[in-house]
Amino acid sequence: MSTRIISKSTLLPLAVVLGSGLASTAAAQDADERIGGSDQPFYSGTSFISVDPGLDNLDAAYGLAQTVGIRVPGVSWLGFELDLGFTLFGGENSGSTTTAGGGGGGGGLIGGGGGDEQQNTTSSDDDFQAITYGLFSAFRTPGRFFVGTRLGVAGFSTNIEELDEDNTGFAYSLQAGYRWSEASHNLIQFEYLEYDNDVEYMAITAYYAID
């Protein structure tokens, strides 16, 4: 039976690598723990937004939104936020359509009655435009990378008559993003929200603390 002896020249590099790994892990954990430690209470955000009306003859509209928020002192993962946005590039209208083979039927969300095929369209000839708004409680997990949600009241006003119903009510969103500094609200995130009438809202937002 032979005994294998590990020399000091072998142990030293292993110890250096192990120590470096532990130090990096500890530094990352320490950095995560410092996030939010010196937060200012107020923050703001600017978003590039997409609003999809969910109608067959209307494209999504694109625009900008602004958010102002206040965090709960000592609680970096909770804030309260007010949103206001507007579309700059309207959703193109491809023209009102009728149901294939349809009989009489008016211009509602659904095309004329009596046909073999139903289409979810608007009778308007206008491009889709919207003003969005919301008041939320915002929850985001700690750490550099995070997921979160916003719960509150959200809605929009629009020039499309068929979308005027059920356009304001309780809403929640799904979020994921990254914090680039120790301030908990210096971050960039992607968000998805669906209104009560199935209109879809998506946003890419850069948040920043207000000194």
# chains A, B, ... in the order shown; residues from 1 in each chain; ligands from 1
$ select_by_dssp --residues "range 145-203 of chain A" --states "strand (DSSP E)" --output "JSON, numbers by chain"
{"A": [145, 146, 147, 148, 149, 150, 151, 152, 153, 154, 155, 156, 157, 158, 168, 169, 170, 171, 172, 173, 174, 175, 176, 177, 178, 179, 187, 188, 189, 190, 191, 192, 193, 194, 200, 201, 202, 203]}
$ write_last_selection --atoms "N, CA and C atoms" --output "tab-separated table (two decimals), in the first residue's frame"
chain	number	residue	atom	x	y	z
A	145	PHE	N	-30.15	41.27	-8.79
A	145	PHE	CA	-31.20	40.79	-9.69
A	145	PHE	C	-32.47	40.58	-8.87
A	146	PHE	N	-33.61	40.97	-9.40
A	146	PHE	CA	-34.83	40.89	-8.62
A	146	PHE	C	-36.01	40.55	-9.49
A	147	VAL	N	-37.07	40.07	-8.86
A	147	VAL	CA	-38.39	39.96	-9.46
A	147	VAL	C	-39.34	40.72	-8.57
A	148	GLY	N	-40.49	41.06	-9.10
A	148	GLY	CA	-41.42	41.84	-8.30
A	148	GLY	C	-42.80	41.89	-8.90
A	149	THR	N	-43.67	42.64	-8.23
A	149	THR	CA	-45.02	42.86	-8.70
A	149	THR	C	-45.49	44.21	-8.22
A	150	ARG	N	-46.48	44.76	-8.91
A	150	ARG	CA	-47.16	45.97	-8.45
A	150	ARG	C	-48.65	45.65	-8.37
A	151	LEU	N	-49.26	46.07	-7.27
A	151	LEU	CA	-50.69	45.85	-7.05
A	151	LEU	C	-51.36	47.20	-6.88
A	152	GLY	N	-52.49	47.41	-7.56
A	152	GLY	CA	-53.17	48.69	-7.39
A	152	GLY	C	-54.28	48.89	-8.38
A	153	VAL	N	-54.56	50.15	-8.64
A	153	VAL	CA	-55.59	50.55	-9.60
A	153	VAL	C	-54.90	51.11	-10.83
A	154	ALA	N	-55.27	50.60	-12.01
A	154	ALA	CA	-54.65	51.04	-13.26
A	154	ALA	C	-55.71	51.14	-14.34
A	155	GLY	N	-55.45	52.01	-15.31
A	155	GLY	CA	-56.39	52.15	-16.41
A	155	GLY	C	-55.82	53.01	-17.51
A	156	PHE	N	-56.67	53.30	-18.48
A	156	PHE	CA	-56.25	54.13	-19.61
A	156	PHE	C	-57.48	54.77	-20.23
A	157	SER	N	-57.27	55.90	-20.87
A	157	SER	CA	-58.30	56.52	-21.70
A	157	SER	C	-57.85	56.40	-23.15
A	158	THR	N	-58.81	56.27	-24.06
A	158	THR	CA	-58.47	56.00	-25.46
A	158	THR	C	-59.50	56.61	-26.39
A	168	THR	N	-60.58	50.57	-16.45
A	168	THR	CA	-59.97	50.96	-15.19
A	168	THR	C	-60.42	50.00	-14.09
A	169	GLY	N	-59.48	49.56	-13.28
A	169	GLY	CA	-59.83	48.65	-12.19
A	169	GLY	C	-58.59	48.10	-11.52
A	170	PHE	N	-58.78	47.11	-10.67
A	170	PHE	CA	-57.65	46.48	-9.98
A	170	PHE	C	-56.72	45.83	-11.01
A	171	ALA	N	-55.44	45.98	-10.79
A	171	ALA	CA	-54.46	45.41	-11.72
A	171	ALA	C	-53.22	44.98	-10.95
A	172	TYR	N	-52.53	44.00	-11.50
A	172	TYR	CA	-51.23	43.61	-10.96
A	172	TYR	C	-50.29	43.35	-12.13
A	173	SER	N	-49.01	43.55	-11.87
A	173	SER	CA	-48.02	43.37	-12.93
A	173	SER	C	-46.95	42.38	-12.48
A	174	LEU	N	-46.18	41.89	-13.44
A	174	LEU	CA	-45.03	41.03	-13.20
A	174	LEU	C	-43.78	41.78	-13.66
A	175	GLN	N	-42.71	41.70	-12.85
A	175	GLN	CA	-41.50	42.47	-13.13
A	175	GLN	C	-40.26	41.60	-12.96
A	176	ALA	N	-39.20	41.98	-13.66
A	176	ALA	CA	-37.87	41.41	-13.45
A	176	ALA	C	-36.86	42.47	-13.84
A	177	GLY	N	-35.74	42.54	-13.09
A	177	GLY	CA	-34.77	43.58	-13.42
A	177	GLY	C	-33.46	43.45	-12.67
A	178	TYR	N	-32.69	44.53	-12.72
A	178	TYR	CA	-31.33	44.56	-12.17
A	178	TYR	C	-31.07	45.91	-11.53
A	179	ARG	N	-30.49	45.91	-10.32
A	179	ARG	CA	-30.06	47.13	-9.64
A	179	ARG	C	-28.59	47.37	-9.95
A	187	LEU	N	-32.35	51.19	-10.74
A	187	LEU	CA	-32.56	49.89	-11.36
A	187	LEU	C	-33.15	50.05	-12.75
A	188	ILE	N	-33.09	48.96	-13.50
A	188	ILE	CA	-33.77	48.86	-14.78
A	188	ILE	C	-34.61	47.59	-14.73
A	189	GLN	N	-35.83	47.66	-15.29
A	189	GLN	CA	-36.71	46.51	-15.20
A	189	GLN	C	-37.61	46.39	-16.42
A	190	PHE	N	-38.12	45.17	-16.63
A	190	PHE	CA	-39.16	44.90	-17.61
A	190	PHE	C	-40.43	44.58	-16.84
A	191	GLU	N	-41.57	45.09	-17.34
A	191	GLU	CA	-42.85	44.88	-16.66
A	191	GLU	C	-43.93	44.51	-17.66
A	192	TYR	N	-44.82	43.61	-17.23
A	192	TYR	CA	-45.98	43.21	-18.03
A	192	TYR	C	-47.23	43.36	-17.18
A	193	LEU	N	-48.27	43.97	-17.76
A	193	LEU	CA	-49.55	44.19	-17.07
A	193	LEU	C	-50.67	43.98	-18.07
A	194	GLU	N	-51.79	43.41	-17.61
A	194	GLU	CA	-52.97	43.25	-18.45
A	194	GLU	C	-54.16	43.91	-17.77
A	200	GLU	N	-53.07	44.86	-23.25
A	200	GLU	CA	-51.78	44.50	-22.65
A	200	GLU	C	-50.83	45.70	-22.64
A	201	TYR	N	-50.17	45.85	-21.50
A	201	TYR	CA	-49.22	46.96	-21.29
A	201	TYR	C	-47.87	46.37	-20.96
A	202	MET	N	-46.83	46.79	-21.68
A	202	MET	CA	-45.46	46.36	-21.37
A	202	MET	C	-44.57	47.59	-21.29
A	203	ALA	N	-43.58	47.53	-20.40
A	203	ALA	CA	-42.72	48.69	-20.19
A	203	ALA	C	-41.30	48.26	-19.86
$ residues_around --residues "Asn197 in chain A" --least-positions-apart "2" --cutoff "7 Å" --atoms "only C-alpha atoms" --output "PDB file with all heavy atoms, in the first residue's frame"
ATOM      1  N   ASP A 166     -64.648  48.867 -19.015  1.00  0.00           N
ATOM      2  CA  ASP A 166     -63.749  48.053 -18.179  1.00  0.00           C
ATOM      3  C   ASP A 166     -62.284  48.405 -18.392  1.00  0.00           C
ATOM      4  O   ASP A 166     -61.401  47.543 -18.364  1.00  0.00           O
ATOM      5  CB  ASP A 166     -63.941  46.552 -18.464  1.00  0.00           C
ATOM      6  CG  ASP A 166     -65.361  46.084 -18.189  1.00  0.00           C
ATOM      7  OD1 ASP A 166     -65.949  46.579 -17.212  1.00  0.00           O
ATOM      8  OD2 ASP A 166     -65.869  45.240 -18.942  1.00  0.00           O
ATOM      9  N   ASN A 167     -62.002  49.681 -18.597  1.00  0.00           N
ATOM     10  CA  ASN A 167     -60.615  50.080 -18.847  1.00  0.00           C
ATOM     11  C   ASN A 167     -59.898  50.588 -17.606  1.00  0.00           C
ATOM     12  O   ASN A 167     -58.744  51.000 -17.681  1.00  0.00           O
ATOM     13  CB  ASN A 167     -60.558  51.147 -19.954  1.00  0.00           C
ATOM     14  CG  ASN A 167     -61.337  52.405 -19.588  1.00  0.00           C
ATOM     15  OD1 ASN A 167     -62.097  52.417 -18.634  1.00  0.00           O
ATOM     16  ND2 ASN A 167     -61.154  53.460 -20.362  1.00  0.00           N
ATOM     17  N   TYR A 195     -54.813  44.818 -18.483  1.00  0.00           N
ATOM     18  CA  TYR A 195     -55.987  45.505 -17.947  1.00  0.00           C
ATOM     19  C   TYR A 195     -57.204  44.575 -17.950  1.00  0.00           C
ATOM     20  O   TYR A 195     -57.182  43.499 -18.551  1.00  0.00           O
ATOM     21  CB  TYR A 195     -56.284  46.759 -18.767  1.00  0.00           C
ATOM     22  CG  TYR A 195     -55.205  47.809 -18.708  1.00  0.00           C
ATOM     23  CD1 TYR A 195     -54.346  48.004 -19.790  1.00  0.00           C
ATOM     24  CD2 TYR A 195     -55.039  48.611 -17.583  1.00  0.00           C
ATOM     25  CE1 TYR A 195     -53.354  48.972 -19.748  1.00  0.00           C
ATOM     26  CE2 TYR A 195     -54.046  49.583 -17.540  1.00  0.00           C
ATOM     27  CZ  TYR A 195     -53.213  49.761 -18.620  1.00  0.00           C
ATOM     28  OH  TYR A 195     -52.235  50.711 -18.572  1.00  0.00           O
ATOM     29  N   VAL A 199     -56.506  44.491 -22.657  1.00  0.00           N
ATOM     30  CA  VAL A 199     -55.477  45.314 -23.272  1.00  0.00           C
ATOM     31  C   VAL A 199     -54.163  45.060 -22.520  1.00  0.00           C
ATOM     32  O   VAL A 199     -54.134  45.031 -21.285  1.00  0.00           O
ATOM     33  CB  VAL A 199     -55.855  46.812 -23.226  1.00  0.00           C
ATOM     34  CG1 VAL A 199     -54.707  47.687 -23.683  1.00  0.00           C
ATOM     35  CG2 VAL A 199     -57.091  47.060 -24.087  1.00  0.00           C
TER      36      VAL A 199
END
$ closest_atom_pairs --of "range 39-94 of chain A" --to "range 160-164 of chain A" --cutoff "12 Å" --atoms "only C-alpha atoms" --output "CSV"
residue,atom,partner,partner_atom,distance
A:Asp52,CA,A:Leu163,CA,11.3
A:Pro53,CA,A:Leu163,CA,7.7
A:Gly54,CA,A:Leu163,CA,9.5
A:Leu55,CA,A:Leu163,CA,9.3
A:Asn57,CA,A:Ile160,CA,11.8
A:Leu58,CA,A:Ile160,CA,10.0
A:Gly90,CA,A:Ile160,CA,11.6
A:Gly91,CA,A:Ile160,CA,10.9
A:Asn93,CA,A:Ile160,CA,10.7
$ atom_distance --atom1 "CA of Tyr208 in chain A" --atom2 "CA of Gly74 in chain A"
17.7 Å
$ closest_residue --among "A:Asp56, A:Thr141, A:Asn186, A:Glu165" --to "Asn120 in chain A" --atoms "only C-alpha atoms"
A:Asp56
$ residues_around --residues "Gln66 in chain A" --least-positions-apart "4" --cutoff "10 Å" --atoms "only C-alpha atoms" --output "MDAnalysis selection string"
chainID A and resid 44:48 82:86 133 205:207
$ closest_residue --among "A:Thr132, A:Ser94, A:Ser181, A:Ser76" --to "Asp59 in chain A" --atoms "only C-alpha atoms"
A:Ser94
$ residues_around --residues "Thr87 in chain A" --least-positions-apart "5" --cutoff "7 Å" --atoms "only C-alpha atoms" --output "PDB file with all heavy atoms, in the first residue's frame"
ATOM      1  N   ALA A  61     -49.585  50.477 -29.828  1.00  0.00           N
ATOM      2  CA  ALA A  61     -49.075  51.844 -29.816  1.00  0.00           C
ATOM      3  C   ALA A  61     -47.882  51.922 -28.880  1.00  0.00           C
ATOM      4  O   ALA A  61     -47.775  51.151 -27.916  1.00  0.00           O
ATOM      5  CB  ALA A  61     -50.178  52.814 -29.370  1.00  0.00           C
ATOM      6  N   TYR A  62     -46.989  52.888 -29.125  1.00  0.00           N
ATOM      7  CA  TYR A  62     -45.759  53.016 -28.333  1.00  0.00           C
ATOM      8  C   TYR A  62     -45.632  54.443 -27.812  1.00  0.00           C
ATOM      9  O   TYR A  62     -46.032  55.408 -28.472  1.00  0.00           O
ATOM     10  CB  TYR A  62     -44.542  52.649 -29.180  1.00  0.00           C
ATOM     11  CG  TYR A  62     -44.588  51.240 -29.704  1.00  0.00           C
ATOM     12  CD1 TYR A  62     -45.148  50.964 -30.965  1.00  0.00           C
ATOM     13  CD2 TYR A  62     -44.120  50.177 -28.949  1.00  0.00           C
ATOM     14  CE1 TYR A  62     -45.207  49.661 -31.439  1.00  0.00           C
ATOM     15  CE2 TYR A  62     -44.180  48.877 -29.419  1.00  0.00           C
ATOM     16  CZ  TYR A  62     -44.726  48.624 -30.663  1.00  0.00           C
ATOM     17  OH  TYR A  62     -44.798  47.332 -31.126  1.00  0.00           O
ATOM     18  N   GLY A  63     -45.058  54.568 -26.625  1.00  0.00           N
ATOM     19  CA  GLY A  63     -44.922  55.893 -26.049  1.00  0.00           C
ATOM     20  C   GLY A  63     -44.015  55.913 -24.839  1.00  0.00           C
ATOM     21  O   GLY A  63     -43.156  55.038 -24.663  1.00  0.00           O
ATOM     22  N   LEU A  64     -44.231  56.897 -23.978  1.00  0.00           N
ATOM     23  CA  LEU A  64     -43.420  57.115 -22.785  1.00  0.00           C
ATOM     24  C   LEU A  64     -44.318  57.215 -21.562  1.00  0.00           C
ATOM     25  O   LEU A  64     -45.484  57.602 -21.657  1.00  0.00           O
ATOM     26  CB  LEU A  64     -42.595  58.399 -22.920  1.00  0.00           C
ATOM     27  CG  LEU A  64     -41.578  58.464 -24.056  1.00  0.00           C
ATOM     28  CD1 LEU A  64     -40.964  59.866 -24.133  1.00  0.00           C
ATOM     29  CD2 LEU A  64     -40.486  57.409 -23.867  1.00  0.00           C
ATOM     30  N   GLN A 129     -54.748  55.350 -29.899  1.00  0.00           N
ATOM     31  CA  GLN A 129     -53.974  56.204 -29.001  1.00  0.00           C
ATOM     32  C   GLN A 129     -54.482  55.989 -27.579  1.00  0.00           C
ATOM     33  O   GLN A 129     -55.654  55.643 -27.382  1.00  0.00           O
ATOM     34  CB  GLN A 129     -54.121  57.684 -29.375  1.00  0.00           C
ATOM     35  CG  GLN A 129     -53.624  58.047 -30.752  1.00  0.00           C
ATOM     36  CD  GLN A 129     -52.113  58.195 -30.809  1.00  0.00           C
ATOM     37  OE1 GLN A 129     -51.423  58.046 -29.807  1.00  0.00           O
ATOM     38  NE2 GLN A 129     -51.592  58.519 -31.998  1.00  0.00           N
ATOM     39  N   ALA A 130     -53.612  56.209 -26.596  1.00  0.00           N
ATOM     40  CA  ALA A 130     -54.034  55.995 -25.210  1.00  0.00           C
ATOM     41  C   ALA A 130     -53.217  56.852 -24.253  1.00  0.00           C
ATOM     42  O   ALA A 130     -52.066  57.213 -24.535  1.00  0.00           O
ATOM     43  CB  ALA A 130     -53.887  54.518 -24.825  1.00  0.00           C
ATOM     44  N   ILE A 131     -53.850  57.187 -23.133  1.00  0.00           N
ATOM     45  CA  ILE A 131     -53.179  57.779 -21.974  1.00  0.00           C
ATOM     46  C   ILE A 131     -53.335  56.792 -20.834  1.00  0.00           C
ATOM     47  O   ILE A 131     -54.456  56.369 -20.507  1.00  0.00           O
ATOM     48  CB  ILE A 131     -53.797  59.140 -21.599  1.00  0.00           C
ATOM     49  CG1 ILE A 131     -53.601  60.151 -22.728  1.00  0.00           C
ATOM     50  CG2 ILE A 131     -53.175  59.672 -20.312  1.00  0.00           C
ATOM     51  CD1 ILE A 131     -54.307  61.478 -22.493  1.00  0.00           C
TER      52      ILE A 131
END
$ residues_around --residues "Leu78 in chain A" --least-positions-apart "3" --cutoff "8 Å" --atoms "only C-alpha atoms" --output "number ranges by chain"
A: 71-72, 75, 137-140
$ residues_around --residues "Glu81 in chain A" --least-positions-apart "3" --cutoff "8 Å" --atoms "only C-alpha atoms" --output "list in words"
Thr67, Val68, Gly69, Ile70, Leu135, Phe136, Ser137 and Ala138 of chain A
$ closest_residue --among "A:Ser50, A:Gln40, A:Ser184, A:Asn159" --to "Leu88 in chain A" --atoms "only C-alpha atoms"
A:Ser50
$ atom_distance --atom1 "CA of Phe89 in chain A" --atom2 "CA of Tyr43 in chain A"
27.2 Å
